[in-house]
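Visitor: My file is coords-v2.cif. It has mmCIF, C-alpha atoms and all ligand atoms:
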data_my_file
loop_
_atom_site.label_atom_id
_atom_site.label_comp_id
_atom_site.auth_asym_id
_atom_site.auth_seq_id
_atom_site.Cartn_x
_atom_site.Cartn_y
_atom_site.Cartn_z
CA MET A 285 0.00 0.00 0.00
CA THR A 286 1.37 3.40 -0.90
CA ILE A 287 2.59 5.52 1.99
CA THR A 288 2.19 9.28 1.54
CA ILE A 289 3.54 11.86 3.94
CA THR A 290 3.20 15.63 3.89
CA ALA A 291 6.03 18.12 4.14
CA PHE A 292 6.51 21.86 3.77
CA GLU A 293 6.45 23.11 0.21
CA ARG A 294 9.20 25.44 1.44
CA SER A 295 10.66 24.71 4.86
CA PRO A 296 11.46 27.72 7.07
CA ASP A 297 14.91 26.18 7.74
CA GLY A 298 15.71 26.12 4.01
CA GLY A 299 16.52 22.37 4.09
CA LYS A 300 18.59 21.95 7.27
CA GLY A 301 16.49 18.89 8.08
CA LEU A 302 14.82 20.39 11.15
CA ALA A 303 11.26 20.18 9.85
CA ARG A 304 9.65 17.10 11.33
CA ASP A 305 9.00 15.28 8.08
CA THR A 306 12.73 14.39 8.27
CA ARG A 307 12.06 12.07 11.26
CA VAL A 308 9.36 10.26 9.39
CA ARG A 309 11.44 10.02 6.22
CA TRP A 310 14.32 8.65 8.36
CA ALA A 311 12.12 5.99 9.95
CA LEU A 312 10.80 4.91 6.54
CA GLU A 313 14.34 4.76 5.16
CA GLU A 314 15.53 2.68 8.15
CA VAL A 315 12.86 0.05 7.52
CA GLY A 316 13.19 0.21 3.73
CA GLN A 317 9.65 1.39 2.96
CA PRO A 318 9.18 3.54 -0.15
CA TYR A 319 7.00 6.61 0.29
CA GLU A 320 5.55 9.53 -1.57
CA VAL A 321 5.51 13.14 -0.40
CA ARG A 322 2.76 15.68 -0.84
CA LEU A 323 4.11 19.18 -0.40
CA VAL A 324 1.84 21.71 1.30
CA SER A 325 2.03 25.47 1.59
CA PHE A 326 1.42 27.26 4.91
CA ARG A 327 -1.94 28.38 3.55
CA ALA A 328 -2.98 24.87 2.45
CA MET A 329 -2.04 23.47 5.89
CA LYS A 330 -4.84 25.52 7.45
CA GLU A 331 -7.48 24.58 4.85
CA PRO A 332 -10.16 21.93 5.36
CA ALA A 333 -8.55 19.22 3.22
CA HIS A 334 -5.38 19.24 5.35
CA LEU A 335 -7.20 19.89 8.63
CA ALA A 336 -9.12 16.67 8.01
CA LEU A 337 -5.75 14.87 8.24
CA HIS A 338 -4.16 17.05 10.90
CA PRO A 339 -6.47 18.86 13.33
CA PHE A 340 -3.76 21.38 14.22
CA GLY A 341 -2.93 22.21 10.61
CA GLN A 342 0.68 21.05 10.73
CA ILE A 343 3.07 18.70 8.95
CA PRO A 344 3.91 15.88 8.78
CA THR A 345 0.94 13.62 8.22
CA TYR A 346 1.03 9.96 7.20
CA GLU A 347 -1.46 8.18 4.96
CA GLU A 348 -1.50 4.49 4.18
CA GLY A 349 -4.71 3.16 2.62
CA SER A 350 -7.57 4.25 4.86
CA LEU A 351 -5.23 5.06 7.77
CA ALA A 352 -4.32 8.71 8.37
CA LEU A 353 -2.00 9.69 11.23
CA PHE A 354 -0.49 12.88 12.59
CA GLU A 355 2.13 13.48 15.36
CA THR A 356 5.61 12.23 14.63
CA GLY A 357 5.70 10.09 17.78
CA SER A 358 2.67 8.18 16.66
CA ILE A 359 3.82 7.96 13.05
CA VAL A 360 7.31 6.69 13.87
CA LEU A 361 5.91 4.19 16.37
CA HIS A 362 3.44 2.94 13.76
CA ILE A 363 6.26 2.46 11.24
CA ALA A 364 8.46 0.76 13.85
CA GLU A 365 5.71 -1.63 14.91
CA ARG A 366 4.77 -2.63 11.36
CA HIS A 367 8.27 -3.15 9.97
CA ALA A 368 11.45 -4.74 11.32
CA GLY A 369 14.47 -2.60 12.06
CA LEU A 370 13.50 0.03 14.61
CA LEU A 371 12.34 -1.93 17.66
CA PRO A 372 13.95 -4.94 19.36
CA ASN A 373 12.09 -8.26 19.40
CA ASP A 374 12.50 -8.76 23.15
CA ALA A 375 9.36 -7.34 24.81
CA ASP A 376 11.16 -5.54 27.62
CA ALA A 377 13.79 -4.03 25.32
CA ARG A 378 10.97 -2.94 23.01
CA ALA A 379 9.17 -1.22 25.87
CA ARG A 380 12.38 0.56 26.85
CA ALA A 381 12.97 1.76 23.27
CA ILE A 382 9.42 3.17 23.20
CA THR A 383 10.10 4.82 26.56
CA TRP A 384 13.04 6.66 24.97
CA MET A 385 10.75 7.87 22.19
CA PHE A 386 8.43 9.36 24.80
CA ALA A 387 11.38 10.79 26.74
CA ALA A 388 12.63 12.52 23.59
CA LEU A 389 9.25 14.04 22.79
CA SER A 390 7.86 14.86 26.20
CA THR A 391 10.92 15.48 28.39
CA VAL A 392 13.77 16.66 26.14
CA GLU A 393 12.02 18.40 23.25
CA PRO A 394 9.78 20.90 25.15
CA PRO A 395 12.55 23.16 26.54
CA ILE A 396 14.35 22.98 23.19
CA LEU A 397 11.19 24.21 21.47
CA GLU A 398 10.87 26.96 24.08
CA LEU A 399 14.31 28.24 23.09
CA GLY A 400 13.27 28.57 19.46
CA ILE A 401 10.07 30.36 20.43
CA ALA A 402 11.90 32.73 22.78
CA ARG A 403 14.47 33.58 20.12
CA PHE A 404 12.44 33.83 16.96
CA GLN A 405 8.83 34.49 17.95
CA GLU A 406 9.31 36.46 21.16
CA GLY A 407 12.79 37.89 20.55
CA ASP A 408 11.43 41.45 20.40
CA LYS A 409 9.66 41.26 23.79
CA PRO A 410 11.22 43.26 26.64
CA TRP A 411 11.52 40.16 28.85
CA SER A 412 13.08 37.97 26.17
CA ALA A 413 16.73 38.57 27.18
CA GLU A 414 15.98 37.65 30.80
CA ARG A 415 14.11 34.52 29.83
CA LEU A 416 16.79 32.99 27.58
CA PRO A 417 19.19 31.95 30.39
CA LEU A 418 16.30 30.31 32.25
CA ILE A 419 15.36 28.23 29.23
CA LYS A 420 18.99 27.35 28.55
CA GLY A 421 19.28 26.22 32.16
CA ARG A 422 16.31 23.88 31.71
CA ILE A 423 17.77 22.46 28.51
CA GLY A 424 21.14 22.05 30.21
CA ALA A 425 19.57 20.06 33.04
CA ARG A 426 18.09 17.61 30.50
CA LEU A 427 21.34 17.36 28.55
CA ASP A 428 23.35 16.72 31.73
CA SER A 429 21.08 13.80 32.62
CA LEU A 430 20.96 12.42 29.09
CA SER A 431 24.72 12.62 28.66
CA ALA A 432 25.25 10.88 32.01
CA ARG A 433 22.87 8.07 31.02
CA LEU A 434 24.36 7.61 27.54
CA GLY A 435 27.89 7.54 28.94
CA ASP A 436 30.25 5.95 26.43
CA ALA A 437 27.57 3.83 24.75
CA ASP A 438 26.76 4.28 21.06
CA TRP A 439 22.99 4.24 21.60
CA LEU A 440 20.63 4.70 24.52
CA ASP A 441 19.72 1.06 25.12
CA GLY A 442 21.71 -1.50 23.16
CA ALA A 443 21.20 -1.44 19.40
CA PHE A 444 19.96 1.64 17.50
CA SER A 445 16.18 1.94 17.85
CA ALA A 446 13.24 4.26 17.23
CA GLY A 447 14.13 5.77 20.62
CA ASP A 448 17.51 6.89 19.26
CA LEU A 449 15.93 8.08 16.01
CA MET A 450 13.61 10.35 17.96
CA MET A 451 16.23 11.51 20.47
CA VAL A 452 18.77 12.38 17.76
CA SER A 453 16.03 14.19 15.79
CA VAL A 454 15.13 16.26 18.85
CA LEU A 455 18.77 17.04 19.72
CA LEU A 456 19.44 18.16 16.16
CA ARG A 457 17.08 21.05 16.75
CA LEU A 458 19.64 22.38 19.25
CA ARG A 459 22.44 22.62 16.73
CA PRO A 460 21.79 26.26 15.70
CA SER A 461 22.17 27.30 19.37
CA GLY A 462 25.64 25.77 19.72
CA MET A 463 24.60 24.16 23.03
CA LEU A 464 25.31 20.64 21.79
CA ASN A 465 29.01 21.48 21.53
CA GLU A 466 29.14 21.71 25.32
CA TYR A 467 28.22 18.00 25.49
CA PRO A 468 30.82 16.01 23.53
CA LYS A 469 29.15 12.64 24.22
CA LEU A 470 25.82 13.91 22.94
CA ALA A 471 27.42 15.67 19.97
CA ALA A 472 29.08 12.36 19.03
CA TYR A 473 25.76 10.53 19.53
CA VAL A 474 24.01 12.94 17.15
CA ALA A 475 26.85 12.58 14.64
CA ARG A 476 26.44 8.77 14.76
CA GLY A 477 22.75 9.21 13.95
CA GLU A 478 23.51 11.57 11.07
CA ALA A 479 26.09 9.12 9.71
CA ARG A 480 23.49 6.39 9.22
CA PRO A 481 22.82 5.83 5.51
CA ALA A 482 19.06 5.98 6.16
CA TYR A 483 19.40 9.41 7.79
CA LYS A 484 21.49 10.66 4.88
CA ARG A 485 18.85 9.53 2.38
CA ALA A 486 16.12 11.21 4.41
CA PHE A 487 18.14 14.40 4.77
CA ASP A 488 18.95 14.51 1.06
CA ALA A 489 15.32 13.98 0.10
CA GLN A 490 14.14 16.96 2.14
CA LEU A 491 17.12 19.05 1.01
CA ALA A 492 16.27 18.38 -2.63
CA VAL A 493 12.74 19.68 -2.02
CA ASN A 494 14.07 22.88 -0.50
CA THR A 495 17.10 23.60 -2.67
CA GLY A 496 16.88 21.24 -5.63
CA LYS A 497 20.29 19.84 -4.56
CA SER A 498 21.54 16.85 -2.56
CA SER A 499 24.29 17.05 0.10
CA THR A 500 26.55 14.73 -1.90
CA GLY A 501 26.38 16.25 -5.32
N1 LIG A 601 4.02 17.54 17.88
C1 LIG A 601 3.94 17.62 16.44
C2 LIG A 601 4.51 18.96 16.01
C3 LIG A 601 4.26 19.23 14.54
C4 LIG A 601 4.85 20.57 14.12
O1 LIG A 601 5.13 21.45 14.96
N2 LIG A 601 5.05 20.73 12.82
C5 LIG A 601 5.60 21.97 12.31
C6 LIG A 601 6.67 21.66 11.28
S1 LIG A 601 8.08 20.86 11.98
C7 LIG A 601 4.53 22.77 11.60
O2 LIG A 601 3.74 22.22 10.88
N3 LIG A 601 4.55 24.09 11.80
C8 LIG A 601 3.64 24.99 11.13
C9 LIG A 601 2.48 25.37 12.00
O3 LIG A 601 2.40 24.94 13.17
O4 LIG A 601 1.68 26.15 11.51
C10 LIG A 601 4.69 16.43 15.80
O5 LIG A 601 5.64 15.92 16.42
O6 LIG A 601 4.31 16.01 14.70
#
Transcribe the structure of this file into structure tokens.
Guide:
Amino acid sequence: MTITITAFERSPDGGKGLARDTRVRWALEEVGQPYEVRLVSFRAMKEPAHLALHPFGQIPTYEEGSLALFETGSIVLHIAERHAGLLPNDADARARAITWMFAALSTVEPPILELGIARFQEGDKPWSAERLPLIKGRIGARLDSLSARLGDADWLDGAFSAGDLMMVSVLLRLRPSGMLNEYPKLAAYVARGEARPAYKRAFDAQLAVNTGKSSTG
């Protein structure tokens, strides 16, 4: 059955891979599932046809036959459950990998998103300069804990899993701030994720949409 995802017609990051369709593309590449992409403009995202797929008028969405999903956590979990390659077979290890997905999305990502909002959407507010160090402190607390848990391991819990895919995707959003550089173990972890052939294919596919070029040629 054909899988179709949606992505920005023109991503605000110009193809740096930070738009969330990259996570879904990466998951599909890891499990070897072909997919099609429907590009949507900001205007079209808020129109009834797209709102029927995504109640909040965002990307990405995922369609497969009569199934339509939104939220990258749900989409990546769906892909990982249906196809081998992103979740371990052992039930306990599988539950732990899913736990890392939730940790990425509900514990690590929120302060990182706050930083982007404070800088780009609220940067002109009089309180913005005072707020930034508070947000950075909250991000730092998460990164301290994550770095301590990862230690010298390659991945968070044994082999690479959907938990790592989501955590690396979330941490990548920190790159523009430079904060990742203060955490060499996490920077190396993110680099390992980016070095995966499936990530490179996903990155190149979104880059081609935004620039017409691939990173390799
Ligand atoms: N929690 C959602 C967030 C989706 C989201 O924020 N998508 C962004 C693109 S990365 C978007 O569509 N932004 C445009 C908007 O909100 O109008 C998920 O993980 O899928």
Visitor: Put the listed atoms of ligand LIG 601 (chain A) in a box along x, y and z with 4 Å added on every side and give me the centre and edge lengths in Å to one decimal, as JSON.
Guide:
{"center_x": 4.9, "center_y": 21.0, "center_z": 14.4, "size_x": 14.4, "size_y": 18.2, "size_z": 15.0}
Visitor: Please report, as a Markdown table, each residue of region 289-328 of chain A lying at most 10 Å from region 487-493 of chain A, together with the nearest pair of atoms and the separation in Å rounded to one decimal; use all atoms listed in the file, and order rows by chain and ascending residue number.
Guide:
| residue | atom | partner | partner_atom | distance |
| --- | --- | --- | --- | --- |
| A:Ala291 | CA | A:Gln490 | CA | 8.4 |
| A:Phe292 | CA | A:Val493 | CA | 8.8 |
| A:Glu293 | CA | A:Val493 | CA | 7.5 |
| A:Arg294 | CA | A:Val493 | CA | 7.6 |
| A:Ser295 | CA | A:Val493 | CA | 8.8 |
| A:Gly298 | CA | A:Leu491 | CA | 7.8 |
| A:Gly299 | CA | A:Leu491 | CA | 4.6 |
| A:Lys300 | CA | A:Leu491 | CA | 7.1 |
| A:Gly301 | CA | A:Phe487 | CA | 5.8 |
| A:Leu302 | CA | A:Phe487 | CA | 9.4 |
| A:Ala303 | CA | A:Gln490 | CA | 8.8 |
| A:Asp305 | CA | A:Gln490 | CA | 8.0 |
| A:Thr306 | CA | A:Phe487 | CA | 6.4 |
| A:Arg307 | CA | A:Phe487 | CA | 9.2 |
| A:Arg309 | CA | A:Phe487 | CA | 8.1 |
| A:Trp310 | CA | A:Phe487 | CA | 7.8 |
| A:Val321 | CA | A:Gln490 | CA | 9.8 |
| A:Leu323 | CA | A:Val493 | CA | 8.8 |
Visitor: Looking at all atoms listed in the file, which of A:Ser350, A:Thr495, A:Ser453, A:Ser461 is the one that sits closest to Pro296 (chain A)?
Guide: A:Thr495
Visitor: As an exercise, work out the distance from CA of Leu458 (chain A) to CA of Ile419 (chain A) in Å and give it to one decimal place.
Guide: 12.3 Å
Visitor: To one decimal in Å, tell me the separation between CA of Phe404 (chain A) and CA of His334 (chain A).
Guide: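 Spanning CA of Phe404 (chain A) to CA of His334 (chain A) is a straight-line distance of 25.8 Å.
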Visitor: Can you tell me which residues come within 7 Å of ligand LIG 601 (chain A) when counting only C-alpha atoms and all ligand atoms, ideally as a PyMOL selection string?
Guide: chain A and resi 302-305+326+341-344+354-357
Visitor: Hey, which of A:Ala336, A:Ala368, A:Ala381, A:Leu353 ends up closest to Leu449 (chain A)? Count all atoms listed in the file.
Guide: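 Of all the options, A:Ala381 lies closest to Leu449 (chain A).
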Visitor: So, with only C-alpha atoms as the atoms that count, which of A:Gly421, A:Gly447, A:Gly477, A:Pro460 lies closest to Val360 (chain A)?
Guide: A:Gly447
Visitor: For a quick check of understanding, using only C-alpha atoms, which of A:Thr290, A:Gln317, A:Arg415, A:Pro481 has the smallest distance to Met329 (chain A)?
Guide: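 Of the candidates, the smallest distance to Met329 (chain A) is held by A:Thr290.
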Visitor: Can you pull out the residues contacting Leu470 (chain A)? Cut-off 10 Å, using all atoms listed in the file, and skip same-chain residues under 2 positions away; I want them as a list in words.
Guide: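 With the cut-off at 10 Å, the set is Leu427, Asp428, Leu430, Ser431, Ala432, Leu434, Gly435, Asp436, Asp438, Val452, Leu455, Leu464, Asn465, Glu466, Tyr467, Pro468, Ala472, Tyr473, Val474, Ala475 and Arg476 of chain A.
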Visitor: Which residue gives the smallest distance to Thr286 (chain A) among A:Gly316, A:Pro332, A:Gly400, A:Gly349, with only C-alpha atoms counted?
Guide: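 So, comparing all the options, the nearest one is A:Gly349.
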Visitor: If you count all atoms listed in the file, which residues fall within 12 Å of Ile382 (chain A), apart from same-chain ones fewer than 5 positions away, as number ranges by chain?
Guide: A: 357-358, 360-362, 364-365, 370-372, 375-377, 387-389, 440-441, 445-451
Visitor: Would you mind exporting the chosen residues as a PDB file, keeping the file's coordinate frame, restricted to C-alpha atoms?
Guide:
ATOM      1  CA  GLY A 357       5.700  10.090  17.780  1.00  0.00           C
ATOM      2  CA  SER A 358       2.670   8.180  16.660  1.00  0.00           C
ATOM      3  CA  VAL A 360       7.310   6.690  13.870  1.00  0.00           C
ATOM      4  CA  LEU A 361       5.910   4.190  16.370  1.00  0.00           C
ATOM      5  CA  HIS A 362       3.440   2.940  13.760  1.00  0.00           C
ATOM      6  CA  ALA A 364       8.460   0.760  13.850  1.00  0.00           C
ATOM      7  CA  GLU A 365       5.710  -1.630  14.910  1.00  0.00           C
ATOM      8  CA  LEU A 370      13.500   0.030  14.610  1.00  0.00           C
ATOM      9  CA  LEU A 371      12.340  -1.930  17.660  1.00  0.00           C
ATOM     10  CA  PRO A 372      13.950  -4.940  19.360  1.00  0.00           C
ATOM     11  CA  ALA A 375       9.360  -7.340  24.810  1.00  0.00           C
ATOM     12  CA  ASP A 376      11.160  -5.540  27.620  1.00  0.00           C
ATOM     13  CA  ALA A 377      13.790  -4.030  25.320  1.00  0.00           C
ATOM     14  CA  ALA A 387      11.380  10.790  26.740  1.00  0.00           C
ATOM     15  CA  ALA A 388      12.630  12.520  23.590  1.00  0.00           C
ATOM     16  CA  LEU A 389       9.250  14.040  22.790  1.00  0.00           C
ATOM     17  CA  LEU A 440      20.630   4.700  24.520  1.00  0.00           C
ATOM     18  CA  ASP A 441      19.720   1.060  25.120  1.00  0.00           C
ATOM     19  CA  SER A 445      16.180   1.940  17.850  1.00  0.00           C
ATOM     20  CA  ALA A 446      13.240   4.260  17.230  1.00  0.00           C
ATOM     21  CA  GLY A 447      14.130   5.770  20.620  1.00  0.00           C
ATOM     22  CA  ASP A 448      17.510   6.890  19.260  1.00  0.00           C
ATOM     23  CA  LEU A 449      15.930   8.080  16.010  1.00  0.00           C
ATOM     24  CA  MET A 450      13.610  10.350  17.960  1.00  0.00           C
ATOM     25  CA  MET A 451      16.230  11.510  20.470  1.00  0.00           C
TER      26      MET A 451
END
Visitor: Please, what distance in Å, to one decimal, runs between CA of Met285 (chain A) and CA of Glu348 (chain A)?
Guide: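 Value for the CA of Met285 (chain A)-CA of Glu348 (chain A) distance: 6.3 Å.
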Visitor: What lies within 8 Å of Ile423 (chain A) using only C-alpha atoms, ignoring chain neighbours under 5 positions off, as a short mmCIF file (atom, residue, chain, number, x, y, z; two decimals) with C-alpha atoms, keeping the file's coordinate frame?
Guide:
data_model
loop_
_atom_site.label_atom_id
_atom_site.label_comp_id
_atom_site.auth_asym_id
_atom_site.auth_seq_id
_atom_site.Cartn_x
_atom_site.Cartn_y
_atom_site.Cartn_z
CA VAL A 392 13.77 16.66 26.14
CA PRO A 395 12.55 23.16 26.54
CA ILE A 396 14.35 22.98 23.19
#
Visitor: Ranking A:Lys497, A:Glu398, A:Leu335, A:Asn373 by minimum distance to Ala443 (chain A) and counting all atoms listed in the file, which one comes first?
Guide: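 Closest candidate: A:Asn373.
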Visitor: Mind filling out region 395-406 of chain A with all heavy atoms and sending it as a PDB file, in the frame of the given file?
Guide:
ATOM      1  N   PRO A 395      11.737  21.956  26.320  1.00  0.00           N
ATOM      2  CA  PRO A 395      12.550  23.160  26.540  1.00  0.00           C
ATOM      3  C   PRO A 395      13.319  23.597  25.296  1.00  0.00           C
ATOM      4  O   PRO A 395      13.588  24.781  25.107  1.00  0.00           O
ATOM      5  CB  PRO A 395      13.491  22.756  27.687  1.00  0.00           C
ATOM      6  CG  PRO A 395      13.499  21.270  27.709  1.00  0.00           C
ATOM      7  CD  PRO A 395      12.170  20.832  27.179  1.00  0.00           C
ATOM      8  N   ILE A 396      13.641  22.629  24.427  1.00  0.00           N
ATOM      9  CA  ILE A 396      14.350  22.980  23.190  1.00  0.00           C
ATOM     10  C   ILE A 396      13.420  23.813  22.288  1.00  0.00           C
ATOM     11  O   ILE A 396      13.834  24.805  21.675  1.00  0.00           O
ATOM     12  CB  ILE A 396      14.853  21.703  22.465  1.00  0.00           C
ATOM     13  CG1 ILE A 396      15.929  21.015  23.317  1.00  0.00           C
ATOM     14  CG2 ILE A 396      15.384  22.029  21.074  1.00  0.00           C
ATOM     15  CD1 ILE A 396      16.422  19.677  22.781  1.00  0.00           C
ATOM     16  N   LEU A 397      12.158  23.438  22.253  1.00  0.00           N
ATOM     17  CA  LEU A 397      11.190  24.210  21.470  1.00  0.00           C
ATOM     18  C   LEU A 397      11.004  25.604  22.069  1.00  0.00           C
ATOM     19  O   LEU A 397      10.863  26.596  21.347  1.00  0.00           O
ATOM     20  CB  LEU A 397       9.839  23.492  21.402  1.00  0.00           C
ATOM     21  CG  LEU A 397       9.840  22.146  20.674  1.00  0.00           C
ATOM     22  CD1 LEU A 397       8.448  21.546  20.685  1.00  0.00           C
ATOM     23  CD2 LEU A 397      10.350  22.312  19.251  1.00  0.00           C
ATOM     24  N   GLU A 398      11.007  25.664  23.401  1.00  0.00           N
ATOM     25  CA  GLU A 398      10.870  26.960  24.080  1.00  0.00           C
ATOM     26  C   GLU A 398      11.974  27.925  23.656  1.00  0.00           C
ATOM     27  O   GLU A 398      11.747  29.120  23.486  1.00  0.00           O
ATOM     28  CB  GLU A 398      10.940  26.778  25.607  1.00  0.00           C
ATOM     29  CG  GLU A 398       9.632  26.390  26.239  1.00  0.00           C
ATOM     30  CD  GLU A 398       8.544  27.444  25.977  1.00  0.00           C
ATOM     31  OE1 GLU A 398       8.733  28.594  26.365  1.00  0.00           O
ATOM     32  OE2 GLU A 398       7.532  27.080  25.364  1.00  0.00           O
ATOM     33  N   LEU A 399      13.179  27.389  23.484  1.00  0.00           N
ATOM     34  CA  LEU A 399      14.310  28.240  23.090  1.00  0.00           C
ATOM     35  C   LEU A 399      14.057  28.859  21.724  1.00  0.00           C
ATOM     36  O   LEU A 399      14.270  30.058  21.522  1.00  0.00           O
ATOM     37  CB  LEU A 399      15.604  27.406  23.076  1.00  0.00           C
ATOM     38  CG  LEU A 399      16.892  28.165  22.788  1.00  0.00           C
ATOM     39  CD1 LEU A 399      17.156  29.218  23.867  1.00  0.00           C
ATOM     40  CD2 LEU A 399      18.084  27.215  22.693  1.00  0.00           C
ATOM     41  N   GLY A 400      13.573  28.047  20.799  1.00  0.00           N
ATOM     42  CA  GLY A 400      13.270  28.570  19.460  1.00  0.00           C
ATOM     43  C   GLY A 400      12.189  29.630  19.512  1.00  0.00           C
ATOM     44  O   GLY A 400      12.289  30.682  18.862  1.00  0.00           O
ATOM     45  N   ILE A 401      11.160  29.394  20.319  1.00  0.00           N
ATOM     46  CA  ILE A 401      10.070  30.360  20.430  1.00  0.00           C
ATOM     47  C   ILE A 401      10.587  31.670  21.028  1.00  0.00           C
ATOM     48  O   ILE A 401      10.318  32.760  20.533  1.00  0.00           O
ATOM     49  CB  ILE A 401       8.918  29.782  21.284  1.00  0.00           C
ATOM     50  CG1 ILE A 401       8.252  28.625  20.535  1.00  0.00           C
ATOM     51  CG2 ILE A 401       7.881  30.859  21.639  1.00  0.00           C
ATOM     52  CD1 ILE A 401       7.279  27.806  21.362  1.00  0.00           C
ATOM     53  N   ALA A 402      11.386  31.531  22.106  1.00  0.00           N
ATOM     54  CA  ALA A 402      11.900  32.730  22.780  1.00  0.00           C
ATOM     55  C   ALA A 402      12.785  33.548  21.838  1.00  0.00           C
ATOM     56  O   ALA A 402      12.770  34.778  21.861  1.00  0.00           O
ATOM     57  CB  ALA A 402      12.687  32.334  24.028  1.00  0.00           C
ATOM     58  N   ARG A 403      13.549  32.853  20.998  1.00  0.00           N
ATOM     59  CA  ARG A 403      14.470  33.580  20.120  1.00  0.00           C
ATOM     60  C   ARG A 403      13.768  34.200  18.919  1.00  0.00           C
ATOM     61  O   ARG A 403      13.995  35.352  18.583  1.00  0.00           O
ATOM     62  CB  ARG A 403      15.525  32.612  19.584  1.00  0.00           C
ATOM     63  CG  ARG A 403      16.624  32.387  20.556  1.00  0.00           C
ATOM     64  CD  ARG A 403      17.785  31.805  19.804  1.00  0.00           C
ATOM     65  NE  ARG A 403      18.990  31.928  20.581  1.00  0.00           N
ATOM     66  CZ  ARG A 403      19.908  30.972  20.627  1.00  0.00           C
ATOM     67  NH1 ARG A 403      19.753  29.874  19.944  1.00  0.00           N
ATOM     68  NH2 ARG A 403      20.988  31.153  21.343  1.00  0.00           N
ATOM     69  N   PHE A 404      12.929  33.389  18.260  1.00  0.00           N
ATOM     70  CA  PHE A 404      12.440  33.830  16.960  1.00  0.00           C
ATOM     71  C   PHE A 404      11.027  34.422  16.997  1.00  0.00           C
ATOM     72  O   PHE A 404      10.704  35.276  16.186  1.00  0.00           O
ATOM     73  CB  PHE A 404      12.517  32.678  15.945  1.00  0.00           C
ATOM     74  CG  PHE A 404      13.919  32.148  15.821  1.00  0.00           C
ATOM     75  CD1 PHE A 404      14.241  30.872  16.240  1.00  0.00           C
ATOM     76  CD2 PHE A 404      14.930  32.971  15.328  1.00  0.00           C
ATOM     77  CE1 PHE A 404      15.552  30.403  16.164  1.00  0.00           C
ATOM     78  CE2 PHE A 404      16.234  32.514  15.242  1.00  0.00           C
ATOM     79  CZ  PHE A 404      16.549  31.234  15.665  1.00  0.00           C
ATOM     80  N   GLN A 405      10.188  33.956  17.924  1.00  0.00           N
ATOM     81  CA  GLN A 405       8.830  34.490  17.950  1.00  0.00           C
ATOM     82  C   GLN A 405       8.650  35.580  19.012  1.00  0.00           C
ATOM     83  O   GLN A 405       7.777  36.409  18.908  1.00  0.00           O
ATOM     84  CB  GLN A 405       7.810  33.368  18.174  1.00  0.00           C
ATOM     85  CG  GLN A 405       7.571  32.570  16.877  1.00  0.00           C
ATOM     86  CD  GLN A 405       6.956  31.214  17.153  1.00  0.00           C
ATOM     87  OE1 GLN A 405       7.611  30.193  17.030  1.00  0.00           O
ATOM     88  NE2 GLN A 405       5.700  31.199  17.541  1.00  0.00           N
ATOM     89  N   GLU A 406       9.485  35.502  20.062  1.00  0.00           N
ATOM     90  CA  GLU A 406       9.310  36.460  21.160  1.00  0.00           C
ATOM     91  C   GLU A 406      10.586  37.275  21.390  1.00  0.00           C
ATOM     92  O   GLU A 406      10.725  37.919  22.430  1.00  0.00           O
ATOM     93  CB  GLU A 406       8.928  35.700  22.442  1.00  0.00           C
ATOM     94  CG  GLU A 406       7.607  34.958  22.290  1.00  0.00           C
ATOM     95  CD  GLU A 406       7.308  34.017  23.460  1.00  0.00           C
ATOM     96  OE1 GLU A 406       8.206  33.799  24.302  1.00  0.00           O
ATOM     97  OE2 GLU A 406       6.190  33.502  23.513  1.00  0.00           O
TER      98      GLU A 406
END
